[in-house]
Amino acid sequence: MIVLRTLLPWLMALAFLVTGAAAQEMEDRAEFGSGETRLLLRSTTDIAILRPVIRLFADQNPDLTIVYEQWGSNDLFALSRAGCREESEPADAVFSSAVQHMVWLVNAACARQVQSPLASALPPARRWRNELWGITTEPAVIVYNKAAISGAEVPRTRFALLDAMRTRPEFFRGRIATYDIGASGLGFLFAYADSLEATSFGSLLEGFARIEAVATCCSAEIIRGVAEGRYLMAYNVLGSYVLGDQSAEIGFILPEDYTLLLSRAYMIPRQARQPEAAERLLDFLLSTPVQAQLADAGLVSPIDDAENGLPPSARRFIPLSPALLVAMDRNRRAALFAIWDDAFRRATGP
Amino acid sequence: MAEARIQRSLVARVLGAVLLILLLGGLLVTVSTWWNGRQAARQSYDRILLGAASDIAESIRIQSGAPFVDLPVSAFELLAQAPEDRIYYAVRGPDGTFITGLDETSAIAAPDRTGIAPGYFDAPLQGEPARFVQVTRRFAEREYSGSVEVIVGQTLRARQDMTARLVRDALWPMGVAGVVLLVMSWFVIRSALRPLEAISADLALRDPNDLTPIPVDRLPRELQVMLGAMNRFMGRLDRQVDAMRNLISDTAHQLRTPVAAIRVQAEAAQAETGNEGADRALGRLLARSRSLSKLLDQLLSRAMVIHRTDSAPRRPVDLREIALEIIERDEHQALAPGAEVRLDISNAPVMVLADAFSLGEAAKNLLANALRHGKAPVTIGADQSGKSAAIWVRDSGPGPGPEIAQRLGDRFNRDRASGEASTGLGLSIVTSVAAAFGGSVEMGRDDKGFRAALVLPAAPGEAEE
């Protein structure tokens with residue numbers, strides 16, 4: 001569960017970029033509808049969350065059979081790159097939360113351009129080159145176990161989290177979780193965005209190191225851990241998974257110093273065999289009723305609500321822009337991995 | 001089609017030409033604007049490219065003996081100024097070892113260059129045209145020495161957008177200006193052509209017999225030239241019509257008397273029974289017929305002269321040749337048999353611009369007058385004094401009396417003294433010719449007798465023959 005990389009971070013970064021043929025494992029698979037045309041959608045999103053939406057799409061398009069494959073973000077990237085080089089079967093649509101991968105793919109001319117009025121109406125931060133579109137709006141949140149932490153103990157900002165870790169190290173030891181940036185493209189993206197955002201990132205990592213925080217994989221697992229009390233708190237978890245799992249045991253906060261906002265990106269590969277059907281799915285996902293449905297599923301976060309009370313100055317949208325290519329740079333990755341591994345190796349080391 | 005072309009109005013022609021000029025000019029300006037816009041876009045985005053590349057080059061540091069790029073986000077935010085363009089970057093050490101970059105597998109080869117100044121080049125990036133810059137950073141560290149090449153590239157979409165925007169912004173005011181110019185030129189042409197339309201209307205409304213000149217004042221100069229020519233033409237027409245009218249009335253008037261006389265003589269000849277009477281009557285009849293034939297000759301000659309002075313082209317004529325020809329033809333022998341006619345000409349040619357035939361007729365009449373009214377010997381000659389040339393006839397008599405001289409040159413100026421043989425047309429022909437060629441008739445007495453001369457302006461220059 002705890003993934004400890006003993007390899008040199010350099011080599012590891014290289015492995016991510018170069019080896020598209022690394023062993024990949026599909027996490028889940030589902031088929032919707034029974035039409036003649038087969039639309040292959042590869043996504044990082046849990047099927048459970050998108051199931052109602054995709055089923056509605058299948059009902060509205062009886063000519064399609066939607067094959068939904070769920071992959072880990074790094075695997076999905078490797079697979080998409082291989083598809084772009086025509087080394088493996090290309091998907092008809094790719095839907096990923098690791099948007100830096102998607103930006104890289106678009107930049108590498110792996111995407112198909114689509115002129116769609118709905119897609120063109122998106123704000124500039126949520127589209128790039130008419131080849132990549134942000135479908136959702138999801139915050140990165142701090143999740144906590146309500147039974148263990150309540151009231152004033154709930155850290156509203158990263159500084160409060162730091163203070164909590166500093167003042168009660170034994171209480172939190174080994175019980176704060178976050179994404180393993182090596183295993184999760186989304187985790188890496190959040191860590192990268194944090195490293196750009198504030199110097200608090202360094203102190204945060206130090207804090208994590210001190211209390212021996214856990215870097216692990218996959219949103220669902222982390223949240224289950226918090227709900228079960230194995231973890232007291234989880235840092236930088238995608239809010240949609242929390243909203244999708246409305247168990248009474250967990251609460252979440254949008255950090256008030258700043259909250260990262262992510263838009264899951266949708267792309268139609270250049271080699272797609274059913275681009276027309278994929279365009280239909282794009283327009284469907286962007287249509288108003290479906291956006292409302294996605295909001296219900298927690299994929300479109302109502303950040304403007306007075307309830308959440310997130311001031312605009314604290315919103316940090318991760319825009320779909322070529323600047324995200326920096327997150328894919330191998331030197332840059334190596335540097336981040338070096339800091340990260342330093343912290344977490346120390347945290348769990350002998 | 002050809003007919004349609006001919007019938008195209010002046011307005012349409014000029015407007016067509018203006019339109020053509022505007023279109024050609026527009027095309028020229030469009031091309032140059034596009035060129036300038038492209039240059040401007042290229043320069044500004046090249047600077048961005050260079051800025052990003054320099055940023056990246058600046059971020060290279062040597063870390064445990066190897067170059068390490070701490071890729072600056074600012075460089076990419078700079079490149080994102082062209083928000084729709086794909087990016088390429090690669091950092092390579094000496095011997096082309098890959099340090100970092102977008103994708104190790106797709107390398108863009110930079111052209112060779114000398115020195116380390118930043119070099120730009122064009123190359124396709126995944127099938128799309130793109131622009132690249134190559135920047136070199138040299139290291140001379142204890143643990144690492146050598147140069148590191150940074151290549152940054154970007155597709156051209158933003159440049160093309162900027163070019164198109166610049167061209168559009170420059171062209172639409174020009175298009176508006178073009179339309180305005182076209183409308184203005186329509187009005188200008190209309191106003192310029194208004195006098196022409198007025199003249200057309202005037203001509204259309206004119207009486208067919210009205211040959212008076214069209215007023216040319218307050219008209220544009222170009223039209224004055226045309227109207228001047230037209231007025232001259234109409235004047236000539238008017239004179240010819242006048243001459244024709246005169247000829248007809250003269251002929252009718254002149255022929256009435258001799259024809260009536262011939263009729264009377266013929267009746268008398270018929271009535272006379274005696275040989276002697278019949279002979280006398282026939283003799284008179286013959287004389288009358290001769291006189292009639294001479295009259296007809298002269299009428300014809302005068303009509304001819306008047307016609308020719310208007311229509312025959314002016315040519316250089318040597319007056320000496322006219323005089324010589326008259327002597328050689330010897331026609332005066334019929335008029336005054338036995339009369340002595342001398343020729344008085346010099347060696348130098350006496351050139352005028354005129355019609356030879358008319359001059360011949362005029363000279364002949366002068367000679368005839370001298371032979372009829374003057375005393376022998378008669379001299380004919382030509383000379384030039386100053387700017388005037390003259391062909392003249394001199395008899396040895398005293399010349400006509402003052403009251404006759406006063407009426408000289410009038411048509412049908414005959415008195416008893418002129419006699420039956422005279423028609424009274426002779427001097428009128430001479431004055432007509434003089435008037436037609438800008439000269440005058442001069443008469444005067446000198447110590448040798450009475451001299452009648454046709455004086456014309458001398459032709460400038462030498463004889464061309």
# chains A, B, ... in the order shown; residues from 1 in each chain; ligands from 1
>>> interface_residues(of="chain A", to="chain B", cutoff="12 Å", atoms="only C-alpha atoms", output="VMD selection string")
chain A and resid 10 13 to 14 16 to 19 81 84 to 85 101 103 to 111 113 124 to 125 127 to 132 192 to 193 195 to 197 319 to 336
>>> write_last_selection(atoms="C-alpha atoms", output="mmCIF file, in the first residue's frame")
data_model
loop_
_atom_site.group_PDB
_atom_site.id
_atom_site.type_symbol
_atom_site.label_atom_id
_atom_site.label_comp_id
_atom_site.auth_asym_id
_atom_site.auth_seq_id
_atom_site.Cartn_x
_atom_site.Cartn_y
_atom_site.Cartn_z
ATOM 1 C CA TRP A 10 15.782 10.355 -11.988
ATOM 2 C CA ALA A 13 10.947 10.064 -13.942
ATOM 3 C CA LEU A 14 12.532 8.677 -17.054
ATOM 4 C CA PHE A 16 7.274 7.590 -16.728
ATOM 5 C CA LEU A 17 8.096 9.531 -19.811
ATOM 6 C CA VAL A 18 9.756 6.938 -21.945
ATOM 7 C CA THR A 19 8.219 3.601 -21.248
ATOM 8 C CA ARG A 81 0.869 7.999 -26.071
ATOM 9 C CA CYS A 84 -0.925 8.359 -30.665
ATOM 10 C CA ARG A 85 2.052 6.510 -32.113
ATOM 11 C CA HIS A 101 -0.813 14.584 -19.393
ATOM 12 C CA VAL A 103 -1.868 19.084 -22.325
ATOM 13 C CA TRP A 104 1.245 17.136 -23.261
ATOM 14 C CA LEU A 105 -0.764 14.922 -25.603
ATOM 15 C CA VAL A 106 -2.411 17.899 -27.274
ATOM 16 C CA ASN A 107 0.964 19.595 -27.616
ATOM 17 C CA ALA A 108 2.295 16.435 -29.226
ATOM 18 C CA ALA A 109 -0.465 16.681 -31.858
ATOM 19 C CA CYS A 110 -2.243 13.618 -30.534
ATOM 20 C CA ALA A 111 -5.657 15.299 -30.370
ATOM 21 C CA GLN A 113 -9.657 19.574 -33.363
ATOM 22 C CA PRO A 124 -10.201 30.195 -21.936
ATOM 23 C CA ALA A 125 -8.803 28.472 -18.840
ATOM 24 C CA ARG A 127 -10.083 24.878 -23.207
ATOM 25 C CA TRP A 128 -6.979 24.733 -25.362
ATOM 26 C CA ARG A 129 -6.723 24.828 -29.146
ATOM 27 C CA ASN A 130 -10.255 23.445 -29.548
ATOM 28 C CA GLU A 131 -8.649 20.105 -28.789
ATOM 29 C CA LEU A 132 -8.887 19.907 -25.018
ATOM 30 C CA TYR A 192 3.434 20.535 -8.553
ATOM 31 C CA ALA A 193 0.744 23.216 -8.275
ATOM 32 C CA SER A 195 5.121 23.863 -5.180
ATOM 33 C CA LEU A 196 4.402 26.758 -7.537
ATOM 34 C CA GLU A 197 1.823 28.316 -5.308
ATOM 35 C CA PRO A 319 -5.718 26.279 -16.357
ATOM 36 C CA LEU A 320 -5.469 24.086 -19.415
ATOM 37 C CA SER A 321 -2.497 25.899 -20.884
ATOM 38 C CA PRO A 322 0.875 25.002 -22.336
ATOM 39 C CA ALA A 323 2.421 26.185 -19.072
ATOM 40 C CA LEU A 324 1.430 22.779 -17.684
ATOM 41 C CA LEU A 325 4.134 21.298 -19.895
ATOM 42 C CA VAL A 326 6.547 22.349 -17.178
ATOM 43 C CA ALA A 327 4.919 19.749 -14.950
ATOM 44 C CA MET A 328 5.938 17.162 -17.538
ATOM 45 C CA ASP A 329 9.550 18.254 -17.737
ATOM 46 C CA ARG A 330 11.785 15.467 -16.577
ATOM 47 C CA ASN A 331 14.290 17.698 -14.771
ATOM 48 C CA ARG A 332 11.467 19.424 -13.044
ATOM 49 C CA ARG A 333 9.835 16.131 -12.121
ATOM 50 C CA ALA A 334 13.089 14.765 -10.905
ATOM 51 C CA ALA A 335 13.565 17.778 -8.649
ATOM 52 C CA LEU A 336 10.071 17.446 -7.217
#
>>> select_by_dssp(residues="range 75-314 of chain A", states="strand (DSSP E or B)", output="JSON, numbers by chain")
{"A": [93, 94, 95, 96, 111, 127, 128, 132, 133, 134, 137, 138, 139, 140, 141, 142, 143, 144, 145, 176, 177, 178, 179, 214, 215, 216, 233, 234, 235, 236, 237, 238, 250, 251, 252, 253, 259, 260, 261, 262, 265, 266, 267, 269, 300]}
>>> write_last_selection(atoms="C-alpha atoms", output="CSV table (one decimal), in the first residue's frame")
chain,number,residue,atom,x,y,z
A,93,ALA,CA,-12.2,9.8,-26.2
A,94,VAL,CA,-9.9,10.3,-23.2
A,95,PHE,CA,-11.2,11.9,-20.0
A,96,SER,CA,-8.5,12.4,-17.4
A,111,ALA,CA,-5.7,15.3,-30.4
A,127,ARG,CA,-10.1,24.9,-23.2
A,128,TRP,CA,-7.0,24.7,-25.4
A,132,LEU,CA,-8.9,19.9,-25.0
A,133,TRP,CA,-11.8,20.9,-22.8
A,134,GLY,CA,-12.3,21.1,-19.1
A,137,THR,CA,-14.7,21.9,-11.7
A,138,GLU,CA,-13.4,20.1,-8.6
A,139,PRO,CA,-11.5,21.5,-5.6
A,140,ALA,CA,-8.6,19.8,-3.9
A,141,VAL,CA,-9.7,19.5,-0.3
A,142,ILE,CA,-8.5,18.4,3.1
A,143,VAL,CA,-10.6,15.5,4.3
A,144,TYR,CA,-10.9,14.7,8.0
A,145,ASN,CA,-12.5,12.1,10.2
A,176,ILE,CA,-2.3,11.7,7.6
A,177,ALA,CA,-2.5,10.6,4.0
A,178,THR,CA,-2.0,12.1,0.7
A,179,TYR,CA,-1.6,11.0,-2.9
A,214,VAL,CA,1.4,8.2,4.3
A,215,ALA,CA,1.7,8.6,0.6
A,216,THR,CA,-0.7,6.2,-1.1
A,233,MET,CA,-6.9,13.5,7.8
A,234,ALA,CA,-6.1,13.4,4.1
A,235,TYR,CA,-4.4,16.3,2.3
A,236,ASN,CA,-5.2,17.4,-1.3
A,237,VAL,CA,-7.9,14.9,-2.1
A,238,LEU,CA,-10.1,15.6,-5.1
A,250,ILE,CA,-16.0,12.4,7.0
A,251,GLY,CA,-15.9,16.2,6.7
A,252,PHE,CA,-13.9,18.3,4.3
A,253,ILE,CA,-12.7,21.8,4.1
A,259,THR,CA,-7.7,26.0,-2.9
A,260,LEU,CA,-6.6,24.3,-6.1
A,261,LEU,CA,-9.4,23.9,-8.6
A,262,LEU,CA,-9.1,21.3,-11.3
A,265,ALA,CA,-10.0,17.3,-19.3
A,266,TYR,CA,-11.7,15.6,-22.3
A,267,MET,CA,-9.9,15.0,-25.5
A,269,PRO,CA,-7.5,11.4,-30.0
A,300,VAL,CA,-18.9,20.4,-10.8
>>> residues_around(residues="range 351-356 of chain B", least_positions_apart="6", cutoff="9 Å", atoms="only C-alpha atoms", output="list in words")
Arg308, Thr309, Ala312, Pro313, Arg314, Arg315, Pro316, Val317, Asp318, Leu319, Arg320, Ile322, Gln384, Ser388, Ala389, Ala436, Phe437, Leu456, Pro457, Ala458, Ala459, Pro460, Gly461, Glu462 and Ala463 of chain B
>>> write_last_selection(atoms="C-alpha atoms", output="compact mmCIF listing (two decimals), in the first residue's frame")
# COMPACT_ATOMS: atom_id res chain seq x y z
CA ARG B 308 -11.22 76.41 -103.10
CA THR B 309 -10.08 79.18 -100.80
CA ALA B 312 -8.19 73.49 -100.68
CA PRO B 313 -5.17 72.98 -98.42
CA ARG B 314 -2.62 75.81 -98.27
CA ARG B 315 0.59 74.87 -100.01
CA PRO B 316 3.78 76.78 -100.62
CA VAL B 317 3.41 78.49 -103.99
CA ASP B 318 6.00 80.46 -105.92
CA LEU B 319 4.29 83.60 -107.29
CA ARG B 320 6.86 83.74 -110.12
CA ILE B 322 2.00 81.78 -111.43
CA GLN B 384 8.79 90.30 -102.32
CA SER B 388 4.77 90.66 -97.99
CA ALA B 389 4.89 89.05 -101.40
CA ALA B 436 -9.07 84.24 -98.29
CA PHE B 437 -5.29 84.13 -97.93
CA LEU B 456 0.00 88.29 -99.67
CA PRO B 457 2.05 87.55 -96.55
CA ALA B 458 5.28 85.88 -97.57
CA ALA B 459 5.74 82.26 -96.51
CA PRO B 460 8.40 81.93 -93.86
CA GLY B 461 11.46 79.97 -94.79
CA GLU B 462 12.78 78.92 -98.11
CA ALA B 463 10.98 77.13 -100.89
>>> residues_around(residues="Gln240 in chain B", least_positions_apart="6", cutoff="12 Å", atoms="only C-alpha atoms", output="list in words")
Leu211, Phe233, Met234, Asn246, Leu247, Ala303, Met304, Val305, Ile306, His307, Arg308, Thr309, Asp310 and Ser311 of chain B
>>> write_last_selection(atoms="C-alpha atoms", output="short mmCIF file (atom, residue, chain, number, x, y, z; two decimals), in the first residue's frame")
data_model
loop_
_atom_site.label_atom_id
_atom_site.label_comp_id
_atom_site.auth_asym_id
_atom_site.auth_seq_id
_atom_site.Cartn_x
_atom_site.Cartn_y
_atom_site.Cartn_z
CA LEU B 211 -24.91 78.11 -88.53
CA PHE B 233 -16.33 74.25 -89.54
CA MET B 234 -19.72 75.85 -89.27
CA ASN B 246 -24.66 84.31 -104.32
CA LEU B 247 -23.67 82.18 -107.27
CA ALA B 303 -17.39 80.07 -107.54
CA MET B 304 -14.42 77.77 -107.89
CA VAL B 305 -12.10 80.31 -106.28
CA ILE B 306 -14.42 80.88 -103.36
CA HIS B 307 -14.90 77.15 -102.88
CA ARG B 308 -11.22 76.41 -103.10
CA THR B 309 -10.08 79.18 -100.80
CA ASP B 310 -12.15 77.51 -98.08
CA SER B 311 -11.47 73.90 -98.81
#
>>> closest_residue(among="B:Leu23, B:Ala198, B:Val18, B:Val148", to="Ile56 in chain B", atoms="only C-alpha atoms")
B:Val148
>>> atom_distance(atom1="CA of Arg210 in chain A", atom2="CA of Asp180 in chain A")
17.0 Å
>>> closest_residue(among="A:Phe344, A:Gly225, A:Val53, A:Leu310", to="Ala295 in chain A", atoms="only C-alpha atoms")
A:Val53
>>> select_by_dssp(residues="range 140-222 of chain A", states="helix (DSSP H, G or I)", output="NGL selection string")
:A and (151-153 or 158-167 or 169-172 or 185-197 or 200-210 or 219-222)
>>> write_last_selection(atoms="C-alpha atoms", output="CSV table (one decimal), in the first residue's frame")
chain,number,residue,atom,x,y,z
A,151,GLY,CA,-14.8,22.1,15.9
A,152,ALA,CA,-11.8,24.4,16.3
A,153,GLU,CA,-9.5,21.5,15.7
A,158,ARG,CA,-2.5,24.9,5.5
A,159,PHE,CA,-0.8,26.9,8.2
A,160,ALA,CA,-3.4,25.6,10.7
A,161,LEU,CA,-2.6,22.1,9.4
A,162,LEU,CA,1.1,22.8,9.9
A,163,ASP,CA,0.5,24.0,13.4
A,164,ALA,CA,-1.6,21.0,14.2
A,165,MET,CA,1.1,18.6,13.0
A,166,ARG,CA,3.7,20.6,15.0
A,167,THR,CA,1.7,20.7,18.2
A,169,PRO,CA,2.9,15.1,16.3
A,170,GLU,CA,2.1,11.9,18.2
A,171,PHE,CA,-1.6,12.2,17.6
A,172,PHE,CA,-1.1,12.5,13.8
A,185,GLY,CA,-0.7,11.8,-12.1
A,186,LEU,CA,-3.3,13.8,-10.3
A,187,GLY,CA,-1.3,13.7,-7.0
A,188,PHE,CA,1.8,14.9,-8.9
A,189,LEU,CA,-0.2,17.7,-10.5
A,190,PHE,CA,-1.5,18.9,-7.1
A,191,ALA,CA,2.0,18.7,-5.6
A,192,TYR,CA,3.4,20.5,-8.6
A,193,ALA,CA,0.7,23.2,-8.3
A,194,ASP,CA,1.4,23.5,-4.5
A,195,SER,CA,5.1,23.9,-5.2
A,196,LEU,CA,4.4,26.8,-7.5
A,197,GLU,CA,1.8,28.3,-5.3
A,200,SER,CA,4.3,26.6,2.5
A,201,PHE,CA,4.8,23.5,0.3
A,202,GLY,CA,8.3,23.0,1.7
A,203,SER,CA,7.2,23.3,5.3
A,204,LEU,CA,4.2,21.1,4.6
A,205,LEU,CA,6.5,18.4,3.3
A,206,GLU,CA,8.7,18.8,6.3
A,207,GLY,CA,5.7,18.5,8.5
A,208,PHE,CA,4.6,15.4,6.7
A,209,ALA,CA,8.0,13.9,7.1
A,210,ARG,CA,8.0,14.7,10.8
A,219,SER,CA,-8.8,8.8,-4.0
A,220,ALA,CA,-11.3,6.1,-3.1
A,221,GLU,CA,-8.9,4.2,-0.9
A,222,ILE,CA,-7.8,7.4,0.9
>>> closest_atom_pairs(of="range 37-119 of chain A", to="range 277-291 of chain A", cutoff="10 Å", atoms="only C-alpha atoms", output="JSON lines")
{"residue": "A:Thr37", "atom": "CA", "partner": "A:Ala277", "partner_atom": "CA", "distance": 8.4}
{"residue": "A:Arg38", "atom": "CA", "partner": "A:Ala277", "partner_atom": "CA", "distance": 8.9}
{"residue": "A:Leu39", "atom": "CA", "partner": "A:Ala277", "partner_atom": "CA", "distance": 6.8}
{"residue": "A:Leu40", "atom": "CA", "partner": "A:Ala278", "partner_atom": "CA", "distance": 8.7}
{"residue": "A:Leu41", "atom": "CA", "partner": "A:Ala278", "partner_atom": "CA", "distance": 8.3}
{"residue": "A:Pro52", "atom": "CA", "partner": "A:Val290", "partner_atom": "CA", "distance": 10.0}
{"residue": "A:Val53", "atom": "CA", "partner": "A:Val290", "partner_atom": "CA", "distance": 7.0}
{"residue": "A:Ile54", "atom": "CA", "partner": "A:Leu281", "partner_atom": "CA", "distance": 8.9}
{"residue": "A:Leu56", "atom": "CA", "partner": "A:Val290", "partner_atom": "CA", "distance": 9.1}
{"residue": "A:Phe57", "atom": "CA", "partner": "A:Phe284", "partner_atom": "CA", "distance": 7.2}
{"residue": "A:Ala58", "atom": "CA", "partner": "A:Leu281", "partner_atom": "CA", "distance": 9.6}
{"residue": "A:Gln60", "atom": "CA", "partner": "A:Phe284", "partner_atom": "CA", "distance": 9.6}
{"residue": "A:Asn61", "atom": "CA", "partner": "A:Arg280", "partner_atom": "CA", "distance": 9.1}
{"residue": "A:Asp63", "atom": "CA", "partner": "A:Ala277", "partner_atom": "CA", "distance": 9.6}
{"residue": "A:Leu64", "atom": "CA", "partner": "A:Ala277", "partner_atom": "CA", "distance": 7.9}
{"residue": "A:Ile66", "atom": "CA", "partner": "A:Ala277", "partner_atom": "CA", "distance": 9.6}
{"residue": "A:Ala91", "atom": "CA", "partner": "A:Ala278", "partner_atom": "CA", "distance": 9.7}
{"residue": "A:Asp92", "atom": "CA", "partner": "A:Ala278", "partner_atom": "CA", "distance": 6.1}
{"residue": "A:Ala93", "atom": "CA", "partner": "A:Ala278", "partner_atom": "CA", "distance": 5.8}
{"residue": "A:Val94", "atom": "CA", "partner": "A:Ala278", "partner_atom": "CA", "distance": 9.3}
{"residue": "A:Val114", "atom": "CA", "partner": "A:Glu279", "partner_atom": "CA", "distance": 7.4}
{"residue": "A:Gln115", "atom": "CA", "partner": "A:Glu279", "partner_atom": "CA", "distance": 9.3}
{"residue": "A:Ser116", "atom": "CA", "partner": "A:Asp283", "partner_atom": "CA", "distance": 7.5}
{"residue": "A:Pro117", "atom": "CA", "partner": "A:Asp283", "partner_atom": "CA", "distance": 8.7}
{"residue": "A:Leu118", "atom": "CA", "partner": "A:Asp283", "partner_atom": "CA", "distance": 6.5}
{"residue": "A:Ala119", "atom": "CA", "partner": "A:Asp283", "partner_atom": "CA", "distance": 7.2}
>>> atom_distance(atom1="CA of Thr251 in chain B", atom2="CA of Leu295 in chain B")
9.0 Å
>>> closest_residue(among="B:Thr30, B:Leu367, B:Ile380, B:Val433", to="Asp169 in chain B", atoms="only C-alpha atoms")
B:Thr30
>>> residues_around(residues="Met174 in chain B", least_positions_apart="5", cutoff="12 Å", atoms="only C-alpha atoms", output="PyMOL selection string")
chain B and resi 22-23+25-30+33+167-169+179-181
>>> write_last_selection(atoms="N, CA and C atoms", output="compact mmCIF listing (two decimals), in the first residue's frame")
# COMPACT_ATOMS: atom_id res chain seq x y z
N LEU B 22 -8.50 51.86 -58.31
CA LEU B 22 -8.71 51.59 -56.89
C LEU B 22 -8.45 50.13 -56.57
N LEU B 23 -8.93 49.25 -57.45
CA LEU B 23 -8.76 47.82 -57.21
C LEU B 23 -7.28 47.45 -57.24
N GLY B 25 -4.73 49.47 -56.84
CA GLY B 25 -4.10 50.09 -55.67
C GLY B 25 -4.40 49.30 -54.42
N GLY B 26 -5.66 48.90 -54.28
CA GLY B 26 -6.07 48.13 -53.12
C GLY B 26 -5.29 46.84 -53.02
N LEU B 27 -5.15 46.20 -54.16
CA LEU B 27 -4.42 44.92 -54.19
C LEU B 27 -2.98 45.14 -53.73
N LEU B 28 -2.39 46.21 -54.28
CA LEU B 28 -1.00 46.53 -53.94
C LEU B 28 -0.86 46.78 -52.44
N VAL B 29 -1.78 47.61 -51.92
CA VAL B 29 -1.72 47.97 -50.50
C VAL B 29 -1.97 46.73 -49.65
N THR B 30 -2.91 45.87 -50.11
CA THR B 30 -3.19 44.65 -49.34
C THR B 30 -1.94 43.80 -49.23
N THR B 33 0.51 45.52 -46.97
CA THR B 33 0.07 45.46 -45.57
C THR B 33 0.27 44.07 -45.01
N VAL B 167 -3.86 43.15 -40.94
CA VAL B 167 -4.30 43.40 -42.31
C VAL B 167 -5.75 43.88 -42.30
N ARG B 168 -6.57 43.19 -41.50
CA ARG B 168 -7.99 43.56 -41.46
C ARG B 168 -8.14 45.00 -40.95
N ASP B 169 -7.42 45.30 -39.86
CA ASP B 169 -7.55 46.64 -39.28
C ASP B 169 -7.09 47.71 -40.25
N VAL B 179 -14.71 53.29 -51.33
CA VAL B 179 -16.10 53.51 -51.70
C VAL B 179 -16.39 55.01 -51.75
N VAL B 180 -15.89 55.72 -50.73
CA VAL B 180 -16.11 57.17 -50.70
C VAL B 180 -15.50 57.83 -51.95
N LEU B 181 -14.27 57.39 -52.30
CA LEU B 181 -13.60 57.95 -53.48
C LEU B 181 -14.42 57.70 -54.73
>>> residues_around(residues="Met230 in chain B", least_positions_apart="3", cutoff="12 Å", atoms="only C-alpha atoms", output="number ranges by chain")
B: 199, 203, 211-216, 223-227, 233-237
>>> write_last_selection(atoms="N, CA and C atoms", output="compact mmCIF listing (two decimals), in the first residue's frame")
# COMPACT_ATOMS: atom_id res chain seq x y z
N ILE B 199 -24.05 71.54 -74.05
CA ILE B 199 -23.79 71.76 -75.48
C ILE B 199 -24.62 70.80 -76.32
N LEU B 203 -27.21 71.89 -79.10
CA LEU B 203 -27.13 71.45 -80.50
C LEU B 203 -28.42 70.75 -80.92
N LEU B 211 -26.34 78.47 -88.50
CA LEU B 211 -24.91 78.11 -88.53
C LEU B 211 -24.08 79.13 -87.76
N THR B 212 -24.73 79.89 -86.89
CA THR B 212 -23.97 80.86 -86.09
C THR B 212 -23.12 80.11 -85.06
N PRO B 213 -21.98 80.68 -84.68
CA PRO B 213 -21.08 79.98 -83.76
C PRO B 213 -21.73 79.75 -82.39
N ILE B 214 -21.34 78.70 -81.77
CA ILE B 214 -21.79 78.42 -80.40
C ILE B 214 -20.91 79.21 -79.45
N PRO B 215 -21.49 79.92 -78.48
CA PRO B 215 -20.64 80.71 -77.57
C PRO B 215 -19.70 79.80 -76.78
N VAL B 216 -18.41 80.17 -76.73
CA VAL B 216 -17.42 79.30 -76.07
C VAL B 216 -16.94 79.87 -74.75
N LEU B 223 -13.00 71.91 -73.97
CA LEU B 223 -14.20 72.02 -74.78
C LEU B 223 -14.10 73.18 -75.74
N GLN B 224 -13.42 74.27 -75.32
CA GLN B 224 -13.26 75.42 -76.20
C GLN B 224 -12.52 75.02 -77.47
N VAL B 225 -11.52 74.14 -77.31
CA VAL B 225 -10.78 73.67 -78.48
C VAL B 225 -11.72 72.97 -79.45
N MET B 226 -12.52 72.08 -78.89
CA MET B 226 -13.42 71.30 -79.72
C MET B 226 -14.47 72.20 -80.35
N LEU B 227 -15.02 73.10 -79.53
CA LEU B 227 -16.07 73.97 -80.05
C LEU B 227 -15.51 74.95 -81.07
N PHE B 233 -15.70 75.09 -88.53
CA PHE B 233 -16.33 74.25 -89.54
C PHE B 233 -17.68 74.85 -89.95
N MET B 234 -18.41 75.29 -88.96
CA MET B 234 -19.72 75.85 -89.27
C MET B 234 -19.59 77.14 -90.07
N GLY B 235 -18.55 77.93 -89.72
CA GLY B 235 -18.31 79.18 -90.45
C GLY B 235 -18.04 78.87 -91.92
N ARG B 236 -17.20 77.84 -92.16
CA ARG B 236 -16.86 77.49 -93.53
C ARG B 236 -18.13 77.06 -94.27
N LEU B 237 -18.90 76.29 -93.56
CA LEU B 237 -20.16 75.82 -94.13
C LEU B 237 -21.04 77.01 -94.47
